[in-house]
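Below is one structure, written out as structure tokens; the observations come after it.
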Amino acid sequence: MILTLDIGNTRIKAAVFEGSIILDSFVFIKSELEKNIKNILKKYKKISNLVISSVSEIEKSIFIGFEDVVNIHFVSNIDPFPFSNCYETPLTLGIDRLVLATGATLKFPNQNRLVIDAGTCVTYDFINDQNKYLGGSISPGLKLRYQALYEYTSKLPLLSLENPENFIGNSTSNSIHSGIVNGLVYEIDGFIDEYKANFSNFIIILTGGDSEFLAKRLKNTIFANSNFLLESLNQTFQYKINND
Ligand SMILES: Nc1ncnc2c1ncn2[C@@H]1O[C@H](COP(=O)(O)OP(=O)(O)OP(=O)(O)O)[C@@H](O)[C@H]1O
Ligand SMILES: CC(C)(CO)[C@@H](O)C(=O)NCCC(=O)O
Ligand SMILES: [K+]
């Protein structure tokens, strides 16, 4: 049994795997990391490996106490991956993006793949049918867009995510919802259209905390899977064991 841990910019997500099946999953905040791992390991005594993807500054010392119970693996930029990394700055590429690219490469062989992760940030990652990771884009996520409008202006309120009633916002609130939600939907559809114009035969995977909200608003048909990062982390670990 394997425990995968996705330490994101805002939240932590965890899943217990038996083979490729998720037996249980959890979401918690950073300050409750230690407590939650302890409880999960207590509940699932057969967990032998803890696999961690982190984009956050997290004290590795938190994990020292668990070393007697499980093997601990941090995914790093210098691990083996199933694609060749064409990023000009491979060592600055986010671990979450490396893990997503690994999952996409292994799960969808011999085709072009675009992974969109709509979390704190929205990331786009493209791996072509020659298994070359080409790069992608980084933009602010939905929640971050609401926060940014509030923090960097005097007059704009802090709103929470809401479906815009119309593309023409007829009030301050409706203008903000339209700008943020429609804006991101246009962005994602625009990127997909651009990829489609340049590459044929490719799969699009949408994941992250806002994936379900966004999936039903996109013009393009995509494959939404909110567990894609955790599933990919499990695959990244299997790949590492077999190729190290
Ligand atoms: N309970 C929640 N807490 C925070 N964000 C949530 C919650 N439920 C849904 N969301 C949405 O999820 C988005 C954040 O996504 P996610 O949880 O994947 O981010 P994260 O933990 O920072 O991970 P990552 O850094 O990998 O993006 C926010 O834009 C927000 O709209
Ligand atoms: C873009 C984020 C913040 C998304 O979680 C993460 O992947 C990251 O910290 N990336 C480093 C920069 C890069 O990927 O080029
Ligand atoms: K993200």
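Ordering of the structure tokens sets the chain letters (A, B, ...), residue numbers begin anew at 1 in every chain, and ligands are numbered from 1 in the order given.
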Checklist entry - Got a sec to check which residues lie within 8 Å of ligand 3, using only C-alpha atoms and all ligand atoms, and send them as a PyMOL selection string? => result chain A and resi 8-9+96+117-123+141+208
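Neighbouring residues of ligand 2 at a cut-off of 6 Å, counting only C-alpha atoms and all ligand atoms, are A:Val55, A:Thr92, A:Leu93, A:Gly94, A:Asp96, A:Arg97, A:Cys121, A:Ile138.
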Checklist entry - So, counting only C-alpha atoms, which residue among A:Thr89, A:Ser154, A:Ser56, A:Gln238 is closest to A:Ile12? => result A:Ser56
Item to check | Shortest interatomic distance to A:Asn49 - which of A:Thr10, A:Ser84, A:Asn234, A:Ser137, counting only C-alpha atoms | outcome: A:Asn234
Using only C-alpha atoms, find each residue in stretch 19-93 of chain A having at least one atom no more than 8 Å away from stretch 101-107 of chain A; report its shortest atom-to-atom pair and that distance in Å (one decimal), rows by chain then rising number, as a tab-separated table.
```
residue	atom	partner	partner_atom	distance
A:Phe81	CA	A:Thr102	CA	6.4
A:Pro82	CA	A:Thr102	CA	6.2
A:Phe83	CA	A:Thr105	CA	7.2
```
Checklist outcome for this item: Of A:Leu233, A:Ile204, A:Val185, A:Met1, the one sitting nearest A:Leu218 when using only C-alpha atoms is A:Val185
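Closest approach to ligand 1 among A:Asn77, A:Gln235, A:Ser61, A:Ser160: A:Ser160, based on only C-alpha atoms and all ligand atoms.
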Next on the checklist: DSSP on the backbone, strand (DSSP E or B) only: what residues of stretch 172-239 of chain A does that give? Format it as number ranges by chain.
Outcome noted: A: 202-207, 223-224
Checklist entry - By how many Å are atom CA of A:Phe126 and atom CA of A:Tyr195 apart? => result 9.1 Å
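A straight line drawn from atom CA of A:Asn227 to atom CA of A:Val75 is 17.6 Å long.
Near A:Ser211, within 7 Å and counting only C-alpha atoms, sit A:Ala118, A:Leu206, A:Ala224, A:Ser226; same-chain residues fewer than 5 positions away were not included.
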Pick out the residues sitting within 10 Å of A:Ile180, and hand them over as a PDB file with N, CA and C atoms, in the first residue's frame; count only C-alpha atoms, and ignore anything fewer than 4 positions along from it in its own chain.
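Here's the written file around.pdb:
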```pdb
ATOM      1  N   GLY A 141      -4.883  31.257 -10.748  1.00  0.00           N
ATOM      2  CA  GLY A 141      -6.104  30.459 -10.611  1.00  0.00           C
ATOM      3  C   GLY A 141      -7.300  31.339 -10.238  1.00  0.00           C
ATOM      4  N   LEU A 142      -8.481  30.723 -10.206  1.00  0.00           N
ATOM      5  CA  LEU A 142      -9.719  31.478  -9.965  1.00  0.00           C
ATOM      6  C   LEU A 142      -9.686  32.257  -8.654  1.00  0.00           C
ATOM      7  N   LYS A 143      -9.338  31.565  -7.589  1.00  0.00           N
ATOM      8  CA  LYS A 143      -9.361  32.204  -6.279  1.00  0.00           C
ATOM      9  C   LYS A 143      -8.339  33.345  -6.206  1.00  0.00           C
ATOM     10  N   LEU A 144      -7.189  33.078  -6.798  1.00  0.00           N
ATOM     11  CA  LEU A 144      -6.108  34.073  -6.823  1.00  0.00           C
ATOM     12  C   LEU A 144      -6.531  35.323  -7.604  1.00  0.00           C
ATOM     13  N   ARG A 145      -7.327  35.148  -8.651  1.00  0.00           N
ATOM     14  CA  ARG A 145      -7.808  36.288  -9.445  1.00  0.00           C
ATOM     15  C   ARG A 145      -8.748  37.156  -8.610  1.00  0.00           C
ATOM     16  N   TYR A 146      -9.640  36.501  -7.840  1.00  0.00           N
ATOM     17  CA  TYR A 146     -10.531  37.264  -6.959  1.00  0.00           C
ATOM     18  C   TYR A 146      -9.704  38.027  -5.922  1.00  0.00           C
ATOM     19  N   LEU A 149      -7.740  41.126  -7.427  1.00  0.00           N
ATOM     20  CA  LEU A 149      -8.557  42.316  -7.697  1.00  0.00           C
ATOM     21  C   LEU A 149      -8.823  43.087  -6.401  1.00  0.00           C
ATOM     22  N   LEU A 161     -16.208  32.703  -5.471  1.00  0.00           N
ATOM     23  CA  LEU A 161     -16.538  32.174  -6.796  1.00  0.00           C
ATOM     24  C   LEU A 161     -18.037  32.008  -7.003  1.00  0.00           C
ATOM     25  N   GLU A 162     -18.520  32.579  -8.103  1.00  0.00           N
ATOM     26  CA  GLU A 162     -19.936  32.472  -8.453  1.00  0.00           C
ATOM     27  C   GLU A 162     -20.065  32.401  -9.958  1.00  0.00           C
ATOM     28  N   ASN A 163     -21.094  31.701 -10.383  1.00  0.00           N
ATOM     29  CA  ASN A 163     -21.332  31.606 -11.812  1.00  0.00           C
ATOM     30  C   ASN A 163     -21.802  32.954 -12.359  1.00  0.00           C
ATOM     31  N   PRO A 164     -21.160  33.538 -13.370  1.00  0.00           N
ATOM     32  CA  PRO A 164     -21.644  34.813 -13.907  1.00  0.00           C
ATOM     33  C   PRO A 164     -22.996  34.630 -14.586  1.00  0.00           C
ATOM     34  N   ASN A 174     -21.217  41.550 -10.695  1.00  0.00           N
ATOM     35  CA  ASN A 174     -21.359  40.755 -11.912  1.00  0.00           C
ATOM     36  C   ASN A 174     -20.221  40.993 -12.896  1.00  0.00           C
ATOM     37  N   SER A 175     -19.661  42.205 -12.880  1.00  0.00           N
ATOM     38  CA  SER A 175     -18.510  42.472 -13.763  1.00  0.00           C
ATOM     39  C   SER A 175     -17.298  41.663 -13.316  1.00  0.00           C
ATOM     40  N   ILE A 176     -17.120  41.570 -11.996  1.00  0.00           N
ATOM     41  CA  ILE A 176     -15.981  40.796 -11.478  1.00  0.00           C
ATOM     42  C   ILE A 176     -16.157  39.301 -11.803  1.00  0.00           C
ATOM     43  N   LEU A 184     -11.294  33.225 -17.474  1.00  0.00           N
ATOM     44  CA  LEU A 184     -10.508  31.987 -17.414  1.00  0.00           C
ATOM     45  C   LEU A 184     -11.024  30.952 -18.413  1.00  0.00           C
ATOM     46  N   VAL A 185     -12.358  30.890 -18.561  1.00  0.00           N
ATOM     47  CA  VAL A 185     -12.923  29.945 -19.530  1.00  0.00           C
ATOM     48  C   VAL A 185     -12.442  30.297 -20.947  1.00  0.00           C
ATOM     49  N   TYR A 186     -12.470  31.586 -21.288  1.00  0.00           N
ATOM     50  CA  TYR A 186     -11.963  32.001 -22.611  1.00  0.00           C
ATOM     51  C   TYR A 186     -10.475  31.674 -22.739  1.00  0.00           C
TER      52      TYR A 186
END
```
Can you tell me, as a short mmCIF file (atom, residue, chain, number, x, y, z; two decimals) with N, CA and C atoms, in the first residue's frame, what residues are no more than 6 Å from A:Ser232 when counting only C-alpha atoms, ignoring any on the same chain fewer than 3 positions away?
```cif
data_model
loop_
_atom_site.label_atom_id
_atom_site.label_comp_id
_atom_site.auth_asym_id
_atom_site.auth_seq_id
_atom_site.Cartn_x
_atom_site.Cartn_y
_atom_site.Cartn_z
N VAL A 99 5.11 15.72 -12.25
CA VAL A 99 4.30 14.55 -11.89
C VAL A 99 3.10 14.43 -12.85
N LEU A 100 2.45 15.55 -13.16
CA LEU A 100 1.32 15.52 -14.09
C LEU A 100 1.78 15.05 -15.47
N GLY A 103 2.24 11.29 -15.41
CA GLY A 103 0.95 10.59 -15.46
C GLY A 103 0.38 10.60 -16.87
N PHE A 228 -6.17 13.40 -10.76
CA PHE A 228 -5.10 13.07 -11.70
C PHE A 228 -3.70 13.24 -11.11
N LEU A 229 -3.52 14.25 -10.28
CA LEU A 229 -2.17 14.43 -9.71
C LEU A 229 -1.81 13.29 -8.75
N GLN A 235 1.94 6.65 -10.12
CA GLN A 235 2.64 6.16 -11.31
C GLN A 235 4.09 6.62 -11.37
N THR A 236 4.33 7.86 -10.91
CA THR A 236 5.70 8.39 -10.89
C THR A 236 6.58 7.52 -9.99
#
```
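The smallest atom-to-atom distance between ligand 1 and any of A:Pro140, A:Gly190, A:Gly135, A:Gly19, using only C-alpha atoms and all ligand atoms, is found for A:Pro140.
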Please give the complete set of residues from stretch 128-242 of chain A that DSSP, run on the backbone, assigns to helix (DSSP H, G or I), formatted as an mmCIF file with N, CA and C atoms, in the first residue's frame.
```
data_model
loop_
_atom_site.group_PDB
_atom_site.id
_atom_site.type_symbol
_atom_site.label_atom_id
_atom_site.label_comp_id
_atom_site.auth_asym_id
_atom_site.auth_seq_id
_atom_site.Cartn_x
_atom_site.Cartn_y
_atom_site.Cartn_z
ATOM 1 N N LEU A 142 -8.481 30.723 -10.206
ATOM 2 C CA LEU A 142 -9.719 31.478 -9.965
ATOM 3 C C LEU A 142 -9.686 32.257 -8.654
ATOM 4 N N LYS A 143 -9.338 31.565 -7.589
ATOM 5 C CA LYS A 143 -9.361 32.204 -6.279
ATOM 6 C C LYS A 143 -8.339 33.345 -6.206
ATOM 7 N N LEU A 144 -7.189 33.078 -6.798
ATOM 8 C CA LEU A 144 -6.108 34.073 -6.823
ATOM 9 C C LEU A 144 -6.531 35.323 -7.604
ATOM 10 N N ARG A 145 -7.327 35.148 -8.651
ATOM 11 C CA ARG A 145 -7.808 36.288 -9.445
ATOM 12 C C ARG A 145 -8.748 37.156 -8.610
ATOM 13 N N TYR A 146 -9.640 36.501 -7.840
ATOM 14 C CA TYR A 146 -10.531 37.264 -6.959
ATOM 15 C C TYR A 146 -9.704 38.027 -5.922
ATOM 16 N N GLN A 147 -8.734 37.333 -5.337
ATOM 17 C CA GLN A 147 -7.899 37.967 -4.295
ATOM 18 C C GLN A 147 -7.098 39.125 -4.854
ATOM 19 N N ALA A 148 -6.573 38.950 -6.059
ATOM 20 C CA ALA A 148 -5.722 39.986 -6.648
ATOM 21 C C ALA A 148 -6.524 41.260 -6.921
ATOM 22 N N LEU A 149 -7.740 41.126 -7.427
ATOM 23 C CA LEU A 149 -8.557 42.316 -7.697
ATOM 24 C C LEU A 149 -8.823 43.087 -6.401
ATOM 25 N N TYR A 150 -9.084 42.336 -5.346
ATOM 26 C CA TYR A 150 -9.375 42.948 -4.047
ATOM 27 C C TYR A 150 -8.129 43.607 -3.455
ATOM 28 N N GLU A 151 -7.026 42.913 -3.501
ATOM 29 C CA GLU A 151 -5.826 43.395 -2.820
ATOM 30 C C GLU A 151 -5.134 44.556 -3.527
ATOM 31 N N THR A 172 -21.001 45.855 -10.200
ATOM 32 C CA THR A 172 -19.601 45.585 -9.851
ATOM 33 C C THR A 172 -19.390 44.091 -9.636
ATOM 34 N N SER A 173 -20.287 43.489 -8.855
ATOM 35 C CA SER A 173 -20.126 42.055 -8.589
ATOM 36 C C SER A 173 -20.186 41.245 -9.878
ATOM 37 N N ASN A 174 -21.217 41.550 -10.695
ATOM 38 C CA ASN A 174 -21.359 40.755 -11.912
ATOM 39 C C ASN A 174 -20.221 40.993 -12.896
ATOM 40 N N SER A 175 -19.661 42.205 -12.880
ATOM 41 C CA SER A 175 -18.510 42.472 -13.763
ATOM 42 C C SER A 175 -17.298 41.663 -13.316
ATOM 43 N N ILE A 176 -17.120 41.570 -11.996
ATOM 44 C CA ILE A 176 -15.981 40.796 -11.478
ATOM 45 C C ILE A 176 -16.157 39.301 -11.803
ATOM 46 N N HIS A 177 -17.366 38.784 -11.518
ATOM 47 C CA HIS A 177 -17.586 37.347 -11.812
ATOM 48 C C HIS A 177 -17.404 37.069 -13.302
ATOM 49 N N SER A 178 -17.921 37.986 -14.126
ATOM 50 C CA SER A 178 -17.770 37.776 -15.568
ATOM 51 C C SER A 178 -16.296 37.820 -15.963
ATOM 52 N N GLY A 179 -15.584 38.816 -15.445
ATOM 53 C CA GLY A 179 -14.167 38.961 -15.815
ATOM 54 C C GLY A 179 -13.353 37.753 -15.404
ATOM 55 N N ILE A 180 -13.626 37.253 -14.208
ATOM 56 C CA ILE A 180 -12.803 36.154 -13.708
ATOM 57 C C ILE A 180 -13.225 34.808 -14.284
ATOM 58 N N VAL A 181 -14.497 34.479 -14.159
ATOM 59 C CA VAL A 181 -14.919 33.148 -14.623
ATOM 60 C C VAL A 181 -14.900 33.082 -16.156
ATOM 61 N N ASN A 182 -15.584 34.025 -16.807
ATOM 62 C CA ASN A 182 -15.563 33.985 -18.276
ATOM 63 C C ASN A 182 -14.138 34.169 -18.800
ATOM 64 N N GLY A 183 -13.400 35.049 -18.123
ATOM 65 C CA GLY A 183 -12.018 35.289 -18.557
ATOM 66 C C GLY A 183 -11.199 34.007 -18.547
ATOM 67 N N LEU A 184 -11.294 33.225 -17.474
ATOM 68 C CA LEU A 184 -10.508 31.987 -17.414
ATOM 69 C C LEU A 184 -11.024 30.952 -18.413
ATOM 70 N N VAL A 185 -12.358 30.890 -18.561
ATOM 71 C CA VAL A 185 -12.923 29.945 -19.530
ATOM 72 C C VAL A 185 -12.442 30.297 -20.947
ATOM 73 N N TYR A 186 -12.470 31.586 -21.288
ATOM 74 C CA TYR A 186 -11.963 32.001 -22.611
ATOM 75 C C TYR A 186 -10.475 31.674 -22.739
ATOM 76 N N GLU A 187 -9.756 31.875 -21.653
ATOM 77 C CA GLU A 187 -8.318 31.580 -21.688
ATOM 78 C C GLU A 187 -8.077 30.106 -21.999
ATOM 79 N N ILE A 188 -8.765 29.242 -21.247
ATOM 80 C CA ILE A 188 -8.539 27.799 -21.428
ATOM 81 C C ILE A 188 -8.980 27.368 -22.830
ATOM 82 N N ASP A 189 -10.182 27.801 -23.251
ATOM 83 C CA ASP A 189 -10.636 27.440 -24.601
ATOM 84 C C ASP A 189 -9.688 28.005 -25.657
ATOM 85 N N GLY A 190 -9.189 29.208 -25.424
ATOM 86 C CA GLY A 190 -8.255 29.825 -26.372
ATOM 87 C C GLY A 190 -6.968 29.019 -26.500
ATOM 88 N N PHE A 191 -6.421 28.588 -25.369
ATOM 89 C CA PHE A 191 -5.202 27.764 -25.411
ATOM 90 C C PHE A 191 -5.463 26.439 -26.128
ATOM 91 N N ILE A 192 -6.608 25.816 -25.778
ATOM 92 C CA ILE A 192 -6.921 24.521 -26.405
ATOM 93 C C ILE A 192 -7.023 24.695 -27.930
ATOM 94 N N ASP A 193 -7.694 25.750 -28.349
ATOM 95 C CA ASP A 193 -7.830 26.000 -29.796
ATOM 96 C C ASP A 193 -6.455 26.186 -30.449
ATOM 97 N N GLU A 194 -5.574 26.888 -29.761
ATOM 98 C CA GLU A 194 -4.234 27.123 -30.296
ATOM 99 C C GLU A 194 -3.446 25.803 -30.411
ATOM 100 N N TYR A 195 -3.545 24.965 -29.382
ATOM 101 C CA TYR A 195 -2.876 23.657 -29.446
ATOM 102 C C TYR A 195 -3.462 22.828 -30.588
ATOM 103 N N LYS A 196 -4.812 22.882 -30.713
ATOM 104 C CA LYS A 196 -5.476 22.102 -31.765
ATOM 105 C C LYS A 196 -5.025 22.545 -33.151
ATOM 106 N N ALA A 197 -4.770 23.850 -33.292
ATOM 107 C CA ALA A 197 -4.346 24.364 -34.589
ATOM 108 C C ALA A 197 -2.917 23.912 -34.924
ATOM 109 N N ASN A 198 -2.158 23.568 -33.891
ATOM 110 C CA ASN A 198 -0.753 23.203 -34.100
ATOM 111 C C ASN A 198 -0.458 21.705 -34.022
ATOM 112 N N SER A 211 -11.396 22.124 -11.365
ATOM 113 C CA SER A 211 -11.603 21.429 -12.644
ATOM 114 C C SER A 211 -13.067 21.136 -12.939
ATOM 115 N N GLU A 212 -13.815 20.738 -11.913
ATOM 116 C CA GLU A 212 -15.218 20.405 -12.189
ATOM 117 C C GLU A 212 -16.029 21.638 -12.544
ATOM 118 N N PHE A 213 -15.793 22.708 -11.812
ATOM 119 C CA PHE A 213 -16.475 23.968 -12.080
ATOM 120 C C PHE A 213 -16.197 24.428 -13.511
ATOM 121 N N LEU A 214 -14.952 24.298 -13.933
ATOM 122 C CA LEU A 214 -14.563 24.802 -15.254
ATOM 123 C C LEU A 214 -14.979 23.871 -16.390
ATOM 124 N N ALA A 215 -14.901 22.554 -16.134
ATOM 125 C CA ALA A 215 -15.130 21.582 -17.223
ATOM 126 C C ALA A 215 -16.470 21.805 -17.906
ATOM 127 N N PHE A 228 -6.172 13.396 -10.756
ATOM 128 C CA PHE A 228 -5.095 13.071 -11.704
ATOM 129 C C PHE A 228 -3.697 13.243 -11.112
ATOM 130 N N LEU A 229 -3.518 14.247 -10.276
ATOM 131 C CA LEU A 229 -2.172 14.430 -9.710
ATOM 132 C C LEU A 229 -1.812 13.294 -8.753
ATOM 133 N N LEU A 230 -2.776 12.903 -7.909
ATOM 134 C CA LEU A 230 -2.496 11.811 -6.964
ATOM 135 C C LEU A 230 -2.267 10.498 -7.704
ATOM 136 N N GLU A 231 -3.067 10.242 -8.729
ATOM 137 C CA GLU A 231 -2.872 9.025 -9.527
ATOM 138 C C GLU A 231 -1.513 9.066 -10.236
ATOM 139 N N SER A 232 -1.150 10.241 -10.723
ATOM 140 C CA SER A 232 0.123 10.392 -11.425
ATOM 141 C C SER A 232 1.300 10.222 -10.470
ATOM 142 N N LEU A 233 1.105 10.622 -9.240
ATOM 143 C CA LEU A 233 2.155 10.486 -8.225
ATOM 144 C C LEU A 233 2.418 9.005 -7.946
ATOM 145 N N ASN A 234 1.358 8.228 -7.892
ATOM 146 C CA ASN A 234 1.488 6.781 -7.726
ATOM 147 C C ASN A 234 2.265 6.197 -8.908
ATOM 148 N N GLN A 235 1.942 6.653 -10.122
ATOM 149 C CA GLN A 235 2.638 6.158 -11.314
ATOM 150 C C GLN A 235 4.087 6.620 -11.373
ATOM 151 N N THR A 236 4.335 7.856 -10.907
ATOM 152 C CA THR A 236 5.701 8.390 -10.888
ATOM 153 C C THR A 236 6.585 7.523 -9.987
ATOM 154 N N PHE A 237 6.013 7.102 -8.869
ATOM 155 C CA PHE A 237 6.748 6.258 -7.922
ATOM 156 C C PHE A 237 7.041 4.892 -8.538
ATOM 157 N N GLN A 238 6.032 4.281 -9.173
ATOM 158 C CA GLN A 238 6.236 2.971 -9.809
ATOM 159 C C GLN A 238 7.325 3.090 -10.887
ATOM 160 N N TYR A 239 7.267 4.194 -11.647
ATOM 161 C CA TYR A 239 8.247 4.401 -12.720
ATOM 162 C C TYR A 239 9.655 4.524 -12.139
ATOM 163 N N LYS A 240 9.754 5.240 -11.027
ATOM 164 C CA LYS A 240 11.055 5.450 -10.388
ATOM 165 C C LYS A 240 11.650 4.129 -9.888
ATOM 166 N N ILE A 241 10.801 3.309 -9.276
ATOM 167 C CA ILE A 241 11.284 2.005 -8.775
ATOM 168 C C ILE A 241 11.821 1.163 -9.928
ATOM 169 N N ASN A 242 11.099 1.206 -11.069
ATOM 170 C CA ASN A 242 11.484 0.363 -12.202
ATOM 171 C C ASN A 242 12.643 0.920 -13.013
#
```
Checklist entry - At what distance in Å, to one decimal, does atom CA of A:Thr207 lie from atom 25 (O, counted along the ligand's line) of ligand 1? => result 11.3 Å
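Nearest-residue note for ligand 1: choosing from A:Ser76, A:Ser48, A:Ser54, A:Asn110, the minimum distance belongs to A:Ser54, counting only C-alpha atoms and all ligand atoms.
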Checklist entry - Can you list, as JSON, numbers by chain, every protein, DNA or RNA residue that comes within 9 Å of A:Glu18 when you count only C-alpha atoms, leaving out same-chain residues fewer than 2 positions away? => result {"A": [1, 2, 16, 20, 21, 22, 23, 47]}
